[in-house]
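Containing PDB, C-alpha atoms, pLDDT in the B column: work-v1.pdb.
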```pdb
ATOM      1  CA  MET A   1      54.600  48.953  -9.488  1.00 57.00           C
ATOM      2  CA  ASN A   2      56.464  48.461  -6.176  1.00 67.00           C
ATOM      3  CA  HIS A   3      53.238  49.072  -4.242  1.00 74.00           C
ATOM      4  CA  THR A   4      50.948  46.956  -6.402  1.00 76.00           C
ATOM      5  CA  ILE A   5      50.006  43.318  -6.024  1.00 77.00           C
ATOM      6  CA  HIS A   6      48.602  41.805  -9.176  1.00 80.00           C
ATOM      7  CA  ASP A   7      47.673  38.438 -10.570  1.00 81.00           C
ATOM      8  CA  ILE A   8      45.988  39.196 -13.871  1.00 91.00           C
ATOM      9  CA  ARG A   9      45.929  35.995 -15.883  1.00 93.00           C
ATOM     10  CA  LEU A  10      45.054  36.153 -19.531  1.00 94.00           C
ATOM     11  CA  CYS A  11      44.774  33.378 -22.104  1.00 94.00           C
ATOM     12  CA  TYR A  12      45.686  34.303 -25.689  1.00 95.00           C
ATOM     13  CA  VAL A  13      45.183  32.247 -28.830  1.00 95.00           C
ATOM     14  CA  TRP A  14      45.905  33.319 -32.383  1.00 93.00           C
ATOM     15  CA  THR A  15      46.229  31.446 -35.655  1.00 93.00           C
ATOM     16  CA  THR A  16      48.331  31.548 -38.765  1.00 92.00           C
ATOM     17  CA  TYR A  17      46.851  33.243 -41.816  1.00 89.00           C
ATOM     18  CA  ASN A  18      44.009  31.093 -43.168  1.00 87.00           C
ATOM     19  CA  LYS A  19      44.952  28.461 -40.556  1.00 89.00           C
ATOM     20  CA  GLN A  20      47.716  27.305 -42.903  1.00 89.00           C
ATOM     21  CA  LYS A  21      50.135  24.836 -41.331  1.00 91.00           C
ATOM     22  CA  THR A  22      52.965  27.296 -41.863  1.00 88.00           C
ATOM     23  CA  LEU A  23      55.152  26.921 -38.791  1.00 93.00           C
ATOM     24  CA  THR A  24      57.977  24.446 -39.312  1.00 94.00           C
ATOM     25  CA  PRO A  25      59.793  22.989 -36.266  1.00 95.00           C
ATOM     26  CA  GLU A  26      62.595  25.539 -36.742  1.00 95.00           C
ATOM     27  CA  MET A  27      60.094  28.422 -36.988  1.00 94.00           C
ATOM     28  CA  ARG A  28      58.224  27.208 -33.900  1.00 96.00           C
ATOM     29  CA  LYS A  29      61.473  27.117 -31.933  1.00 97.00           C
ATOM     30  CA  ARG A  30      62.117  30.721 -32.989  1.00 96.00           C
ATOM     31  CA  VAL A  31      58.543  31.717 -32.019  1.00 97.00           C
ATOM     32  CA  TYR A  32      59.152  30.353 -28.495  1.00 98.00           C
ATOM     33  CA  SER A  33      62.363  32.368 -28.266  1.00 97.00           C
ATOM     34  CA  LEU A  34      60.778  35.594 -29.524  1.00 97.00           C
ATOM     35  CA  LEU A  35      57.727  35.243 -27.275  1.00 98.00           C
ATOM     36  CA  ASN A  36      59.936  34.605 -24.262  1.00 98.00           C
ATOM     37  CA  GLN A  37      62.117  37.649 -25.017  1.00 97.00           C
ATOM     38  CA  THR A  38      59.056  39.873 -25.463  1.00 97.00           C
ATOM     39  CA  CYS A  39      57.479  38.667 -22.223  1.00 97.00           C
ATOM     40  CA  VAL A  40      60.668  39.143 -20.200  1.00 97.00           C
ATOM     41  CA  ARG A  41      61.096  42.654 -21.626  1.00 96.00           C
ATOM     42  CA  ASN A  42      57.529  43.571 -20.601  1.00 95.00           C
ATOM     43  CA  LYS A  43      57.592  41.775 -17.208  1.00 94.00           C
ATOM     44  CA  ILE A  44      54.960  39.274 -18.349  1.00 96.00           C
ATOM     45  CA  ILE A  45      55.168  35.809 -16.798  1.00 96.00           C
ATOM     46  CA  ILE A  46      54.452  32.843 -19.063  1.00 97.00           C
ATOM     47  CA  LEU A  47      52.399  30.285 -17.140  1.00 94.00           C
ATOM     48  CA  ASN A  48      51.672  27.912 -20.025  1.00 93.00           C
ATOM     49  CA  TRP A  49      52.206  27.995 -23.763  1.00 95.00           C
ATOM     50  CA  HIS A  50      52.171  25.940 -26.904  1.00 94.00           C
ATOM     51  CA  VAL A  51      53.173  26.759 -30.456  1.00 95.00           C
ATOM     52  CA  ALA A  52      51.596  24.433 -33.017  1.00 93.00           C
ATOM     53  CA  VAL A  53      51.942  24.390 -36.807  1.00 93.00           C
ATOM     54  CA  ASP A  54      48.909  26.685 -37.171  1.00 93.00           C
ATOM     55  CA  PHE A  55      48.286  28.447 -33.854  1.00 93.00           C
ATOM     56  CA  VAL A  56      49.828  29.871 -30.674  1.00 95.00           C
ATOM     57  CA  TYR A  57      48.337  29.388 -27.202  1.00 95.00           C
ATOM     58  CA  MET A  58      49.604  31.282 -24.144  1.00 94.00           C
ATOM     59  CA  VAL A  59      48.503  31.737 -20.537  1.00 94.00           C
ATOM     60  CA  LEU A  60      50.167  34.797 -19.050  1.00 96.00           C
ATOM     61  CA  SER A  61      50.361  36.662 -15.757  1.00 94.00           C
ATOM     62  CA  CYS A  62      50.353  40.291 -16.835  1.00 94.00           C
ATOM     63  CA  PRO A  63      51.233  43.558 -15.079  1.00 92.00           C
ATOM     64  CA  THR A  64      48.437  46.077 -14.603  1.00 91.00           C
ATOM     65  CA  ARG A  65      50.199  48.738 -16.675  1.00 92.00           C
ATOM     66  CA  LEU A  66      49.626  46.811 -19.931  1.00 94.00           C
ATOM     67  CA  ALA A  67      46.312  46.657 -21.758  1.00 96.00           C
ATOM     68  CA  PRO A  68      45.390  43.221 -23.133  1.00 96.00           C
ATOM     69  CA  SER A  69      45.306  44.633 -26.668  1.00 97.00           C
ATOM     70  CA  ASP A  70      48.846  46.003 -26.263  1.00 97.00           C
ATOM     71  CA  ILE A  71      50.073  42.600 -25.101  1.00 97.00           C
ATOM     72  CA  ALA A  72      48.611  40.963 -28.206  1.00 97.00           C
ATOM     73  CA  LYS A  73      50.194  43.652 -30.380  1.00 95.00           C
ATOM     74  CA  PHE A  74      53.637  43.094 -28.794  1.00 93.00           C
ATOM     75  CA  LEU A  75      53.473  39.307 -29.106  1.00 96.00           C
ATOM     76  CA  LYS A  76      51.960  38.994 -32.573  1.00 96.00           C
ATOM     77  CA  GLY A  77      53.715  41.979 -34.104  1.00 92.00           C
ATOM     78  CA  ARG A  78      57.251  41.105 -33.123  1.00 91.00           C
ATOM     79  CA  THR A  79      56.980  37.422 -34.000  1.00 93.00           C
ATOM     80  CA  SER A  80      55.393  38.209 -37.364  1.00 92.00           C
ATOM     81  CA  LYS A  81      58.028  40.783 -38.287  1.00 90.00           C
ATOM     82  CA  MET A  82      60.993  38.646 -37.252  1.00 91.00           C
ATOM     83  CA  LEU A  83      59.720  35.383 -38.772  1.00 91.00           C
ATOM     84  CA  GLN A  84      58.880  37.030 -42.075  1.00 89.00           C
ATOM     85  CA  GLU A  85      62.351  38.555 -42.279  1.00 89.00           C
ATOM     86  CA  GLU A  86      64.242  35.444 -41.102  1.00 91.00           C
ATOM     87  CA  PHE A  87      62.303  32.629 -42.769  1.00 87.00           C
ATOM     88  CA  LEU A  88      60.206  34.057 -45.566  1.00 75.00           C
ATOM     89  CA  GLY A  89      62.670  36.642 -46.873  1.00 72.00           C
ATOM     90  CA  MET A  90      60.102  39.425 -46.591  1.00 61.00           C
ATOM     91  CA  LYS A  91      61.134  42.960 -45.629  1.00 57.00           C
ATOM     92  CA  GLN A  92      59.314  45.091 -43.087  1.00 53.00           C
ATOM     93  CA  GLY A  93      56.470  46.958 -44.766  1.00 52.00           C
ATOM     94  CA  SER A  94      55.868  44.234 -47.333  1.00 49.00           C
ATOM     95  CA  HIS A  95      52.265  43.140 -47.009  1.00 52.00           C
ATOM     96  CA  GLU A  96      52.200  40.484 -49.703  1.00 57.00           C
ATOM     97  CA  LYS A  97      51.590  37.781 -47.119  1.00 68.00           C
ATOM     98  CA  SER A  98      50.499  37.940 -43.495  1.00 76.00           C
ATOM     99  CA  LEU A  99      51.840  35.445 -40.998  1.00 88.00           C
ATOM    100  CA  TRP A 100      48.995  35.729 -38.461  1.00 93.00           C
ATOM    101  CA  GLU A 101      45.269  36.263 -38.838  1.00 92.00           C
ATOM    102  CA  ARG A 102      44.217  39.761 -37.761  1.00 91.00           C
ATOM    103  CA  GLY A 103      42.172  38.661 -34.773  1.00 92.00           C
ATOM    104  CA  TYR A 104      42.958  36.778 -31.587  1.00 94.00           C
ATOM    105  CA  LEU A 105      41.219  35.369 -28.543  1.00 94.00           C
ATOM    106  CA  CYS A 106      41.938  36.949 -25.175  1.00 94.00           C
ATOM    107  CA  LYS A 107      40.154  35.604 -22.111  1.00 92.00           C
ATOM    108  CA  SER A 108      40.715  36.470 -18.486  1.00 91.00           C
ATOM    109  CA  ILE A 109      41.152  33.501 -16.199  1.00 89.00           C
ATOM    110  CA  GLY A 110      41.512  33.307 -12.460  1.00 78.00           C
ATOM    111  CA  GLU A 111      39.649  34.292  -9.355  1.00 74.00           C
ATOM    112  CA  VAL A 112      40.079  36.224  -6.159  1.00 70.00           C
ATOM    113  CA  THR A 113      39.362  34.218  -3.030  1.00 74.00           C
ATOM    114  CA  LYS A 114      38.329  35.560   0.354  1.00 79.00           C
ATOM    115  CA  GLU A 115      41.688  34.383   1.689  1.00 81.00           C
ATOM    116  CA  MET A 116      43.532  36.477  -0.898  1.00 72.00           C
ATOM    117  CA  LEU A 117      41.495  39.542   0.040  1.00 69.00           C
ATOM    118  CA  ARG A 118      42.069  38.922   3.747  1.00 75.00           C
ATOM    119  CA  ALA A 119      45.835  38.557   3.274  1.00 76.00           C
ATOM    120  CA  TYR A 120      46.050  41.770   1.260  1.00 70.00           C
ATOM    121  CA  VAL A 121      43.892  43.863   3.588  1.00 70.00           C
ATOM    122  CA  ASP A 122      45.594  42.421   6.678  1.00 71.00           C
ATOM    123  CA  GLY A 123      48.931  43.435   5.216  1.00 69.00           C
ATOM    124  CA  GLN A 124      47.698  46.988   4.549  1.00 64.00           C
ATOM    125  CA  ARG A 125      45.659  47.761   7.653  1.00 53.00           C
ATOM    126  CA  GLY A 126      46.961  45.527  10.387  1.00 53.00           C
ATOM    127  CA  GLY A 127      44.217  42.876  10.329  1.00 47.00           C
ATOM    128  CA  ASP A 128      40.886  44.716  10.357  1.00 50.00           C
ATOM    129  CA  PHE A 129      39.219  42.781   7.532  1.00 45.00           C
ATOM    130  CA  GLN A 130      35.552  41.973   8.207  1.00 50.00           C
ATOM    131  CA  SER A 131      33.979  39.150   6.255  1.00 48.00           C
TER
END
```

Serialized structure, structure tokens:
Amino acid sequence: MNHTIHDIRLCYVWTTYNKQKTLTPEMRKRVYSLLNQTCVRNKIIILNWHVAVDFVYMVLSCPTRLAPSDIAKFLKGRTSKMLQEEFLGMKQGSHEKSLWERGYLCKSIGEVTKEMLRAYVDGQRGGDFQS
């Protein structure tokens, strides 16, 4: 990744199971912590985020090596597992109750301007960009 410039911005939203207002203030604080740890571990930059009682919203700058579906799996999977163990007393592998709905929204956001292209190409080829 040392030779790659990227600015892939993705917006993710997912909800609690049946949109139940499940997340207490203490659980939401733990969700923030777990999401932050997961993003740091995967070199994902959090640009904006909000954890409500029934949904999570995140805007991320993601490396090119990660597929959007893998990012969702990391974020939802780890938070679900840890919260169920810590707050709901459920062991891994117990599927009596799901924390999150199965689906999620993932939308790309952002744009590439002519100036961005010019700066990149100029840096690679010594300034021979033709518009």

Per residue of stretch 15-124 of chain A within 12 Å of stretch 8-11 of chain A, which atom pair is closest and at what distance in Å (one decimal), using only C-alpha atoms, listed by chain and increasing number, as a Markdown table?
```
| residue | atom | partner | partner_atom | distance |
| --- | --- | --- | --- | --- |
| A:Ile44 | CA | A:Arg9 | CA | 9.9 |
| A:Ile45 | CA | A:Arg9 | CA | 9.3 |
| A:Ile46 | CA | A:Arg9 | CA | 9.6 |
| A:Leu47 | CA | A:Arg9 | CA | 8.7 |
| A:Asn48 | CA | A:Cys11 | CA | 9.0 |
| A:Trp49 | CA | A:Cys11 | CA | 9.3 |
| A:His50 | CA | A:Cys11 | CA | 11.5 |
| A:Val56 | CA | A:Cys11 | CA | 10.5 |
| A:Tyr57 | CA | A:Cys11 | CA | 7.4 |
| A:Met58 | CA | A:Cys11 | CA | 5.6 |
| A:Val59 | CA | A:Cys11 | CA | 4.4 |
| A:Leu60 | CA | A:Leu10 | CA | 5.3 |
| A:Ser61 | CA | A:Arg9 | CA | 4.5 |
| A:Cys62 | CA | A:Ile8 | CA | 5.4 |
| A:Pro63 | CA | A:Ile8 | CA | 6.9 |
| A:Thr64 | CA | A:Ile8 | CA | 7.3 |
| A:Arg65 | CA | A:Ile8 | CA | 10.8 |
| A:Leu66 | CA | A:Ile8 | CA | 10.4 |
| A:Ala67 | CA | A:Leu10 | CA | 10.8 |
| A:Pro68 | CA | A:Leu10 | CA | 7.9 |
| A:Ser69 | CA | A:Leu10 | CA | 11.1 |
| A:Ile71 | CA | A:Leu10 | CA | 9.9 |
| A:Ala72 | CA | A:Cys11 | CA | 10.5 |
| A:Tyr104 | CA | A:Cys11 | CA | 10.2 |
| A:Leu105 | CA | A:Cys11 | CA | 7.6 |
| A:Cys106 | CA | A:Cys11 | CA | 5.5 |
| A:Lys107 | CA | A:Cys11 | CA | 5.1 |
| A:Ser108 | CA | A:Leu10 | CA | 4.5 |
| A:Ile109 | CA | A:Arg9 | CA | 5.4 |
| A:Gly110 | CA | A:Arg9 | CA | 6.2 |
| A:Glu111 | CA | A:Ile8 | CA | 9.2 |
| A:Val112 | CA | A:Ile8 | CA | 10.2 |
```

If the PyMOL selection byres ((chain A and resi 77-87) around 9) is run on the structure shown, which residues does it catch, given as a ChimeraX atom specification? /A:27,30-31,34-35,38,72-76,88-92,97-100

Atom CA of A:Val13 to atom CA of A:Tyr32, distance in Å rounded to a single decimal: 14.1 Å

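Relative to atom CA of A:Lys21, atom CA of A:Arg41 is found at 28.7 Å.
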
How many Å lie between atom CA of A:Arg102 and atom CA of A:Trp14, rounded to one decimal?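 About the pair atom CA of A:Arg102 and atom CA of A:Trp14: they are 8.6 Å apart.
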
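With all atoms listed in the file as the atoms that count, the residue of A:Asp122, A:Lys43, A:His3, A:Phe55 with the shortest distance to A:Tyr17 is A:Phe55.
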
A:Val53: which residues within 9 Å, counting only C-alpha atoms, same-chain residues fewer than 3 positions away excluded, as a PyMOL selection string? chain A and resi 16+19-25+28+56

So, counting only C-alpha atoms, which residue among A:Cys39, A:Asp70, A:Lys29, A:Asn18 is closest to A:Asp54? A:Asn18
